[in-house]
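**Student:** Just one file: run-v2.csv, with CSV, C-alpha atoms and all ligand atoms.
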```csv
chain,number,residue,atom,x,y,z
A,1,MET,CA,5.5,-14.3,15.4
A,2,SER,CA,6.1,-14.4,11.6
A,3,LYS,CA,6.6,-11.3,9.6
A,4,LYS,CA,4.3,-10.4,6.7
A,5,GLY,CA,4.2,-7.2,4.5
A,6,PHE,CA,1.1,-5.1,4.9
A,7,ILE,CA,0.6,-2.8,1.9
A,8,PHE,CA,-2.0,0.0,1.9
A,9,ASP,CA,-3.4,1.8,-1.1
A,10,LEU,CA,-4.0,5.5,-0.2
A,11,ASP,CA,-6.9,7.1,-2.1
A,12,GLY,CA,-10.2,5.4,-0.9
A,13,VAL,CA,-8.4,3.2,1.7
A,14,ILE,CA,-6.7,5.6,4.1
A,15,VAL,CA,-8.4,8.8,3.2
A,16,ASP,CA,-11.6,9.5,1.1
A,17,THR,CA,-9.8,11.5,-1.6
A,18,ALA,CA,-11.8,9.7,-4.3
A,19,LYS,CA,-14.4,12.4,-3.7
A,20,TYR,CA,-11.9,15.1,-4.5
A,21,HIS,CA,-10.6,13.3,-7.6
A,22,PHE,CA,-14.3,13.1,-8.7
A,23,LEU,CA,-15.0,16.8,-8.2
A,24,ALA,CA,-11.8,17.8,-10.0
A,25,TRP,CA,-12.3,15.4,-13.0
A,26,ARG,CA,-16.0,16.4,-13.2
A,27,LYS,CA,-15.2,20.1,-13.3
A,28,LEU,CA,-12.6,19.4,-16.1
A,29,ALA,CA,-14.9,17.1,-18.1
A,30,ASN,CA,-17.8,19.5,-17.9
A,31,SER,CA,-15.6,22.4,-19.1
A,32,LEU,CA,-15.1,20.2,-22.2
A,33,ASP,CA,-18.8,19.6,-22.5
A,34,ILE,CA,-18.3,15.9,-21.4
A,35,ASP,CA,-20.8,14.4,-18.9
A,36,PHE,CA,-19.1,12.7,-16.0
A,37,SER,CA,-21.0,10.3,-13.7
A,38,GLU,CA,-20.1,8.6,-10.4
A,39,THR,CA,-20.2,5.3,-12.4
A,40,GLN,CA,-17.6,6.6,-14.7
A,41,ASN,CA,-15.6,7.8,-11.7
A,42,GLU,CA,-15.5,4.2,-10.4
A,43,GLN,CA,-13.6,3.2,-13.6
A,44,LEU,CA,-10.9,5.8,-12.7
A,45,LYS,CA,-10.2,4.5,-9.2
A,46,GLY,CA,-6.7,3.3,-9.0
A,47,VAL,CA,-6.0,4.5,-12.5
A,48,SER,CA,-3.1,6.9,-13.2
A,49,ARG,CA,-3.7,10.6,-14.0
A,50,VAL,CA,-2.6,10.2,-17.6
A,51,ARG,CA,-4.9,7.2,-18.2
A,52,SER,CA,-7.8,8.9,-16.4
A,53,LEU,CA,-7.7,11.9,-18.8
A,54,GLU,CA,-7.3,9.6,-21.8
A,55,LYS,CA,-10.5,7.7,-20.7
A,56,ILE,CA,-12.5,10.9,-20.1
A,57,LEU,CA,-11.5,12.3,-23.5
A,58,SER,CA,-12.5,9.0,-25.2
A,59,TRP,CA,-15.9,9.1,-23.4
A,60,GLY,CA,-16.4,12.6,-25.0
A,61,ASP,CA,-14.9,11.5,-28.3
A,62,ILE,CA,-12.4,14.3,-28.1
A,63,THR,CA,-8.9,14.5,-29.6
A,64,ILE,CA,-6.5,17.1,-28.4
A,65,SER,CA,-2.8,18.0,-28.9
A,66,GLU,CA,-0.1,16.8,-26.5
A,67,ASP,CA,0.4,20.3,-25.2
A,68,LYS,CA,-3.3,20.7,-24.5
A,69,PHE,CA,-3.3,17.3,-22.8
A,70,MET,CA,-0.5,18.4,-20.5
A,71,GLU,CA,-2.3,21.6,-19.8
A,72,LEU,CA,-5.5,19.8,-18.8
A,73,MET,CA,-3.6,17.4,-16.5
A,74,ALA,CA,-2.0,20.3,-14.7
A,75,LYS,CA,-5.4,22.1,-14.4
A,76,LYS,CA,-7.0,19.0,-12.9
A,77,ASN,CA,-4.2,18.6,-10.5
A,78,ASP,CA,-4.2,22.2,-9.4
A,79,ASP,CA,-7.9,22.0,-8.7
A,80,TYR,CA,-7.5,18.7,-6.9
A,81,LEU,CA,-4.7,20.2,-4.7
A,82,THR,CA,-7.1,23.0,-3.6
A,83,HIS,CA,-9.2,20.3,-2.0
A,84,ILE,CA,-6.1,18.4,-0.6
A,85,ASN,CA,-4.9,21.6,1.0
A,86,THR,CA,-7.9,21.7,3.3
A,87,MET,CA,-7.2,18.2,4.6
A,88,ASP,CA,-6.2,17.3,8.2
A,89,GLU,CA,-6.2,14.2,10.4
A,90,ASN,CA,-10.0,14.3,10.6
A,91,GLU,CA,-10.1,12.9,7.1
A,92,ILE,CA,-8.4,9.7,8.0
A,93,LEU,CA,-11.0,6.9,7.4
A,94,ALA,CA,-12.5,5.2,10.5
A,95,ASP,CA,-10.3,2.7,12.3
A,96,VAL,CA,-7.3,3.1,9.9
A,97,PRO,CA,-5.0,4.4,12.8
A,98,LYS,CA,-6.2,1.5,15.0
A,99,VAL,CA,-5.2,-1.1,12.4
A,100,LEU,CA,-1.8,0.7,11.7
A,101,GLU,CA,-1.1,0.8,15.4
A,102,HIS,CA,-2.0,-2.9,15.9
A,103,LEU,CA,0.3,-3.9,13.1
A,104,LYS,CA,3.1,-1.7,14.5
A,105,GLU,CA,2.6,-3.4,17.9
A,106,GLN,CA,3.0,-6.8,16.2
A,107,LYS,CA,6.2,-5.5,14.6
A,108,GLN,CA,4.8,-6.0,11.1
A,109,PRO,CA,6.4,-4.1,8.1
A,110,ILE,CA,4.0,-1.6,6.6
A,111,ALA,CA,4.1,0.0,3.2
A,112,LEU,CA,2.1,2.5,1.2
A,113,GLY,CA,1.4,1.4,-2.4
A,114,SER,CA,-0.4,4.2,-4.3
A,115,ALA,CA,-0.7,5.3,-7.9
A,116,SER,CA,-0.9,8.9,-6.8
A,117,LYS,CA,1.9,11.4,-7.3
A,118,ASN,CA,0.4,13.4,-4.5
A,119,ALA,CA,0.7,10.6,-1.9
A,120,ARG,CA,3.4,12.1,0.2
A,121,THR,CA,1.7,15.5,0.3
A,122,ILE,CA,-1.5,13.8,1.5
A,123,LEU,CA,0.1,11.7,4.1
A,124,LYS,CA,1.9,14.7,5.5
A,125,LYS,CA,-1.4,16.7,5.6
A,126,VAL,CA,-3.2,14.0,7.6
A,127,GLY,CA,-0.2,13.3,9.8
A,128,LEU,CA,0.5,9.7,8.7
A,129,TYR,CA,3.8,10.2,6.8
A,130,LYS,CA,5.8,8.5,9.5
A,131,SER,CA,3.4,5.6,9.9
A,132,PHE,CA,4.9,3.7,6.9
A,133,ASP,CA,8.2,1.8,6.7
A,134,THR,CA,8.3,2.6,3.0
A,135,ILE,CA,6.2,4.6,0.6
A,136,VAL,CA,5.9,3.6,-3.1
A,137,ASP,CA,3.8,6.0,-5.2
A,138,GLY,CA,3.1,7.3,-8.7
A,139,ASN,CA,6.5,8.9,-8.9
A,140,ASP,CA,8.3,5.5,-8.4
A,141,VAL,CA,6.5,3.3,-11.0
A,142,SER,CA,6.5,3.1,-14.8
A,143,LYS,CA,3.5,0.9,-15.1
A,144,ALA,CA,0.1,1.7,-13.6
A,145,LYS,CA,-2.3,-0.7,-11.7
A,146,PRO,CA,-3.6,-3.3,-12.7
A,147,ASP,CA,0.1,-3.9,-13.4
A,148,PRO,CA,1.6,-5.3,-10.1
A,149,GLU,CA,4.8,-3.1,-10.2
A,150,VAL,CA,3.8,-0.8,-7.4
A,151,PHE,CA,3.2,-3.7,-5.0
A,152,LEU,CA,6.2,-5.7,-6.1
A,153,ILE,CA,8.5,-2.7,-5.4
A,154,ALA,CA,6.8,-2.3,-2.0
A,155,ALA,CA,7.4,-6.0,-1.1
A,156,LYS,CA,11.0,-5.7,-2.1
A,157,GLN,CA,11.5,-2.5,0.0
A,158,LEU,CA,9.9,-4.3,2.9
A,159,ASN,CA,12.2,-7.3,2.4
A,160,THR,CA,9.2,-9.6,2.1
A,161,ASN,CA,8.2,-12.2,-0.5
A,162,PRO,CA,5.2,-11.2,-2.5
A,163,GLU,CA,3.2,-14.2,-1.3
A,164,ASP,CA,3.7,-13.0,2.3
A,165,CYS,CA,2.2,-9.6,1.5
A,166,ILE,CA,-1.4,-8.5,2.2
A,167,VAL,CA,-2.8,-5.6,0.1
A,168,PHE,CA,-5.7,-3.3,1.2
A,169,GLU,CA,-7.3,-1.8,-1.9
A,170,ASP,CA,-10.6,0.0,-2.9
A,171,SER,CA,-10.2,-0.2,-6.7
A,172,VAL,CA,-10.7,-3.1,-9.1
A,173,ALA,CA,-7.4,-2.3,-10.9
A,174,GLY,CA,-5.6,-2.5,-7.5
A,175,ILE,CA,-7.2,-5.8,-6.5
A,176,GLN,CA,-6.2,-7.2,-9.9
A,177,ALA,CA,-2.6,-5.9,-9.3
A,178,ALA,CA,-2.4,-7.5,-5.9
A,179,ASN,CA,-3.8,-10.8,-7.3
A,180,THR,CA,-1.3,-10.8,-10.2
A,181,ALA,CA,1.5,-10.2,-7.7
A,182,ASN,CA,0.4,-13.3,-5.8
A,183,MET,CA,-0.5,-11.3,-2.7
A,184,ILE,CA,-3.5,-11.6,-0.5
A,185,SER,CA,-6.0,-9.0,-1.7
A,186,ILE,CA,-8.4,-7.3,0.7
A,187,GLY,CA,-11.1,-5.1,-0.9
A,188,ILE,CA,-12.3,-2.1,1.0
A,189,GLY,CA,-15.7,-1.2,-0.3
A,190,GLU,CA,-18.6,-3.0,-2.0
A,191,GLU,CA,-18.5,-6.8,-2.6
A,192,SER,CA,-20.5,-6.3,-5.9
A,193,ILE,CA,-17.6,-4.2,-7.2
A,194,LEU,CA,-14.6,-5.9,-5.6
A,195,GLY,CA,-15.6,-9.5,-6.0
A,196,GLU,CA,-12.2,-10.5,-7.3
A,197,ALA,CA,-10.6,-9.8,-3.9
A,198,ASP,CA,-9.8,-12.7,-1.5
A,199,TYR,CA,-11.8,-10.8,1.2
A,200,VAL,CA,-14.0,-7.7,1.1
A,201,PHE,CA,-14.9,-5.4,4.0
A,202,LYS,CA,-17.1,-2.3,3.8
A,203,ASP,CA,-14.4,-0.4,5.8
A,204,PHE,CA,-11.8,-0.9,8.5
A,205,THR,CA,-14.4,-0.9,11.3
A,206,GLN,CA,-15.5,-4.3,10.0
A,207,ILE,CA,-12.0,-5.8,10.3
A,208,SER,CA,-11.4,-7.4,13.7
A,209,SER,CA,-8.0,-7.6,15.4
A,210,GLU,CA,-8.5,-11.4,15.4
A,211,PHE,CA,-8.6,-11.3,11.6
A,212,ILE,CA,-5.4,-9.2,11.5
A,213,THR,CA,-3.8,-11.7,13.8
A,214,GLU,CA,-4.9,-14.5,11.5
A,215,LEU,CA,-3.3,-12.7,8.5
A,216,ILE,CA,-0.1,-12.4,10.5
A,217,THR,CA,0.1,-16.1,11.6
A,218,ASN,CA,-1.3,-17.9,8.6
B,301,LIG,C1,-5.1,6.7,-7.5
B,301,LIG,C2,-6.5,7.2,-7.6
B,301,LIG,O1,-4.8,6.4,-6.1
B,301,LIG,O2,-4.2,7.8,-7.9
B,301,LIG,C3,-6.9,7.7,-9.0
B,301,LIG,O3,-7.4,6.2,-7.2
B,301,LIG,C4,-5.8,8.8,-9.4
B,301,LIG,O4,-8.1,8.3,-9.0
B,301,LIG,C5,-4.4,8.2,-9.2
B,301,LIG,O5,-6.0,9.2,-10.7
B,301,LIG,C6,-3.3,9.2,-9.6
B,301,LIG,O6,-3.4,10.3,-8.6
B,301,LIG,P1,-2.7,11.7,-8.7
B,301,LIG,O7,-2.8,12.2,-7.4
B,301,LIG,O8,-1.2,11.4,-9.1
B,301,LIG,O9,-3.4,12.4,-9.8
B,302,MG,MG,-7.6,3.7,-4.2
```
The structure in this file should be written as structure tokens.
**Tutor:**
Amino acid sequence: MSKKGFIFDLDGVIVDTAKYHFLAWRKLANSLDIDFSETQNEQLKGVSRVRSLEKILSWGDITISEDKFMELMAKKNDDYLTHINTMDENEILADVPKVLEHLKEQKQPIALGSASKNARTILKKVGLYKSFDTIVDGNDVSKAKPDPEVFLIAAKQLNTNPEDCIVFEDSVAGIQAANTANMISIGIGEESILGEADYVFKDFTQISSEFITELITN
């Protein structure tokens, strides 16, 4: 059986941490008198912490010093981590372990490709740290999604050509990154949002083992 490279985003694909990012950003935005909706939150999915704060400040038309910027980023992350600290394996999204186990049985290389600097902490909290052959996260990249850097590093570390890689992503920026890297992109979420992906599934319960086998053999 041929070997591919399977790359998983973390937030919104393996665990539903998007809701915690939302709560922490909304708290911060509201403290600055900036409204923050779920639609705006959608635009922050897959986007780095720095870029997220820049966007929120621009929505509020607010300019602040660099020191204040750093202070707000730390504040948001501290708040986010209070949610992360409550996490355990029950927060792994449905059928994710099943897909990971299936790939392992088929001896397929598996990577994590996330923009988050908290990725390793989260994987340890939910007990999936050992499930990946390699982990590439926000600490390893200089360019954020939609730049393909994170996925290209993951492919290299898996010893797989980019065109033999398959990326699971819940964000528009991440799907664009996978497409730019010449990888097969699989959107996890709404077709109306992730239309640029090669395939879109609502969640992993909708992905059959036949489909995974097809990805491996084609
Ligand atoms: C991405 C999330 O995975 O990671 C974004 O979708 C988040 O919402 C980004 O801003 C950076 O995460 P962190 O944990 O380093 O702040
Ligand atoms: Mg994501």
**Student:** Would you pick out the contacts of stretch 44-52 of chain A at 7 Å or less, using only C-alpha atoms, so that residues sharing its chain but fewer than 2 positions from it are not included, and give the list as a ChimeraX atom specification?
**Tutor:** /A:41-42,54-56,115,144-145,171,173-174
**Student:** Show me which residues sit within 6 Å of ligand MG 302 (chain B) when counting all atoms listed in the file, and put them as a count of residues only.
**Tutor:** 10
**Student:** Could you check the closest approach to A:Ala94 for each of A:Glu190, A:Glu196, A:Asp164, A:Asp203 and tell me which residue wins, using all atoms listed in the file?
**Tutor:**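 For A:Ala94, the nearest of the candidates is A:Asp203.
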**Student:** For A:Glu105, please output as a JSON list (two decimals) with C-alpha atoms, in the frame of the given file all residues within 12 Å (counting all atoms listed in the file; exclusion window: fewer than 5 positions along the same chain).
**Tutor:**
```json
[["chain", "number", "residue", "atom", "x", "y", "z"],
["A", 1, "MET", "CA", 5.50, -14.30, 15.40],
["A", 98, "LYS", "CA", -6.20, 1.50, 15.00],
["A", 99, "VAL", "CA", -5.20, -1.10, 12.40],
["A", 100, "LEU", "CA", -1.80, 0.70, 11.70],
["A", 110, "ILE", "CA", 4.00, -1.60, 6.60],
["A", 209, "SER", "CA", -8.00, -7.60, 15.40],
["A", 212, "ILE", "CA", -5.40, -9.20, 11.50],
["A", 213, "THR", "CA", -3.80, -11.70, 13.80],
["A", 216, "ILE", "CA", -0.10, -12.40, 10.50]]
```
**Student:** A:Val126, A:Leu72, A:Ile188, A:Ile166: which is nearest A:Lys27, counting only C-alpha atoms?
**Tutor:**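 Closest residue, counting only C-alpha atoms: A:Leu72.
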**Student:** Would you compute the distance between atom CA of A:Ile186 and atom CA of A:Asp147? Give it in Å to one decimal.
**Tutor:**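 Going from atom CA of A:Ile186 over to atom CA of A:Asp147 covers 16.8 Å.
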**Student:** Please, which residues are within 10 Å of (-16.3, -6.6, 4.6) by the file's coordinates, counting all atoms listed in the file, and could they come as a ChimeraX atom specification?
**Tutor:** /A:186-191,199-207
**Student:** Measuring atom to atom with all atoms listed in the file, identify which of A:Gly60, A:Pro97, A:Gly5, A:Pro146 is nearest to ligand LIG 301 (chain B).
**Tutor:**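 Comparing A:Gly60, A:Pro97, A:Gly5, A:Pro146 against ligand LIG 301 (chain B), the winner is A:Pro146.
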**Student:** Place N, CA, C and O atoms on stretch 132-149 of chain A and deliver the coordinates as a PDB file, keeping the file's coordinate frame.
**Tutor:**
```pdb
ATOM      1  N   PHE A 132       4.550   4.704   7.912  1.00  0.00           N
ATOM      2  CA  PHE A 132       4.900   3.700   6.900  1.00  0.00           C
ATOM      3  C   PHE A 132       6.397   3.414   6.917  1.00  0.00           C
ATOM      4  O   PHE A 132       7.178   4.357   6.974  1.00  0.00           O
ATOM      5  N   ASP A 133       6.779   2.134   6.819  1.00  0.00           N
ATOM      6  CA  ASP A 133       8.200   1.800   6.700  1.00  0.00           C
ATOM      7  C   ASP A 133       8.741   2.206   5.361  1.00  0.00           C
ATOM      8  O   ASP A 133       9.903   2.546   5.216  1.00  0.00           O
ATOM      9  N   THR A 134       7.871   2.142   4.357  1.00  0.00           N
ATOM     10  CA  THR A 134       8.300   2.600   3.000  1.00  0.00           C
ATOM     11  C   THR A 134       7.054   3.119   2.273  1.00  0.00           C
ATOM     12  O   THR A 134       5.931   2.690   2.539  1.00  0.00           O
ATOM     13  N   ILE A 135       7.315   4.045   1.370  1.00  0.00           N
ATOM     14  CA  ILE A 135       6.200   4.600   0.600  1.00  0.00           C
ATOM     15  C   ILE A 135       6.580   4.445  -0.904  1.00  0.00           C
ATOM     16  O   ILE A 135       7.640   4.877  -1.342  1.00  0.00           O
ATOM     17  N   VAL A 136       5.704   3.766  -1.645  1.00  0.00           N
ATOM     18  CA  VAL A 136       5.900   3.600  -3.100  1.00  0.00           C
ATOM     19  C   VAL A 136       4.668   4.315  -3.721  1.00  0.00           C
ATOM     20  O   VAL A 136       3.522   3.970  -3.405  1.00  0.00           O
ATOM     21  N   ASP A 137       4.920   5.306  -4.584  1.00  0.00           N
ATOM     22  CA  ASP A 137       3.800   6.000  -5.200  1.00  0.00           C
ATOM     23  C   ASP A 137       3.955   6.230  -6.657  1.00  0.00           C
ATOM     24  O   ASP A 137       4.862   5.664  -7.269  1.00  0.00           O
ATOM     25  N   GLY A 138       3.093   7.064  -7.216  1.00  0.00           N
ATOM     26  CA  GLY A 138       3.100   7.300  -8.700  1.00  0.00           C
ATOM     27  C   GLY A 138       4.389   7.813  -9.232  1.00  0.00           C
ATOM     28  O   GLY A 138       4.611   7.725 -10.444  1.00  0.00           O
ATOM     29  N   ASN A 139       5.247   8.362  -8.370  1.00  0.00           N
ATOM     30  CA  ASN A 139       6.500   8.900  -8.900  1.00  0.00           C
ATOM     31  C   ASN A 139       7.559   7.733  -9.002  1.00  0.00           C
ATOM     32  O   ASN A 139       8.606   7.922  -9.618  1.00  0.00           O
ATOM     33  N   ASP A 140       7.271   6.577  -8.421  1.00  0.00           N
ATOM     34  CA  ASP A 140       8.300   5.500  -8.400  1.00  0.00           C
ATOM     35  C   ASP A 140       7.987   4.380  -9.389  1.00  0.00           C
ATOM     36  O   ASP A 140       8.752   3.429  -9.472  1.00  0.00           O
ATOM     37  N   VAL A 141       6.867   4.455 -10.099  1.00  0.00           N
ATOM     38  CA  VAL A 141       6.500   3.300 -11.000  1.00  0.00           C
ATOM     39  C   VAL A 141       6.461   3.783 -12.449  1.00  0.00           C
ATOM     40  O   VAL A 141       6.255   4.963 -12.747  1.00  0.00           O
ATOM     41  N   SER A 142       6.655   2.800 -13.336  1.00  0.00           N
ATOM     42  CA  SER A 142       6.500   3.100 -14.800  1.00  0.00           C
ATOM     43  C   SER A 142       5.252   2.480 -15.319  1.00  0.00           C
ATOM     44  O   SER A 142       4.778   2.856 -16.374  1.00  0.00           O
ATOM     45  N   LYS A 143       4.710   1.503 -14.585  1.00  0.00           N
ATOM     46  CA  LYS A 143       3.500   0.900 -15.100  1.00  0.00           C
ATOM     47  C   LYS A 143       2.377   1.002 -14.019  1.00  0.00           C
ATOM     48  O   LYS A 143       2.588   0.728 -12.842  1.00  0.00           O
ATOM     49  N   ALA A 144       1.216   1.427 -14.486  1.00  0.00           N
ATOM     50  CA  ALA A 144       0.100   1.700 -13.600  1.00  0.00           C
ATOM     51  C   ALA A 144      -0.658   0.414 -13.227  1.00  0.00           C
ATOM     52  O   ALA A 144      -0.623  -0.559 -13.977  1.00  0.00           O
ATOM     53  N   LYS A 145      -1.349   0.403 -12.063  1.00  0.00           N
ATOM     54  CA  LYS A 145      -2.300  -0.700 -11.700  1.00  0.00           C
ATOM     55  C   LYS A 145      -3.241  -0.829 -12.902  1.00  0.00           C
ATOM     56  O   LYS A 145      -3.639   0.198 -13.455  1.00  0.00           O
ATOM     57  N   PRO A 146      -3.638  -1.982 -13.355  1.00  0.00           N
ATOM     58  CA  PRO A 146      -3.600  -3.300 -12.700  1.00  0.00           C
ATOM     59  C   PRO A 146      -2.199  -3.998 -12.838  1.00  0.00           C
ATOM     60  O   PRO A 146      -2.080  -5.142 -12.418  1.00  0.00           O
ATOM     61  N   ASP A 147      -1.179  -3.310 -13.390  1.00  0.00           N
ATOM     62  CA  ASP A 147       0.100  -3.900 -13.400  1.00  0.00           C
ATOM     63  C   ASP A 147       0.599  -3.997 -11.900  1.00  0.00           C
ATOM     64  O   ASP A 147       0.381  -3.056 -11.130  1.00  0.00           O
ATOM     65  N   PRO A 148       1.225  -5.104 -11.499  1.00  0.00           N
ATOM     66  CA  PRO A 148       1.600  -5.300 -10.100  1.00  0.00           C
ATOM     67  C   PRO A 148       2.837  -4.504  -9.630  1.00  0.00           C
ATOM     68  O   PRO A 148       3.216  -4.581  -8.460  1.00  0.00           O
ATOM     69  N   GLU A 149       3.473  -3.746 -10.552  1.00  0.00           N
ATOM     70  CA  GLU A 149       4.800  -3.100 -10.200  1.00  0.00           C
ATOM     71  C   GLU A 149       4.808  -2.414  -8.882  1.00  0.00           C
ATOM     72  O   GLU A 149       5.731  -2.636  -8.088  1.00  0.00           O
TER      73      GLU A 149
END
```
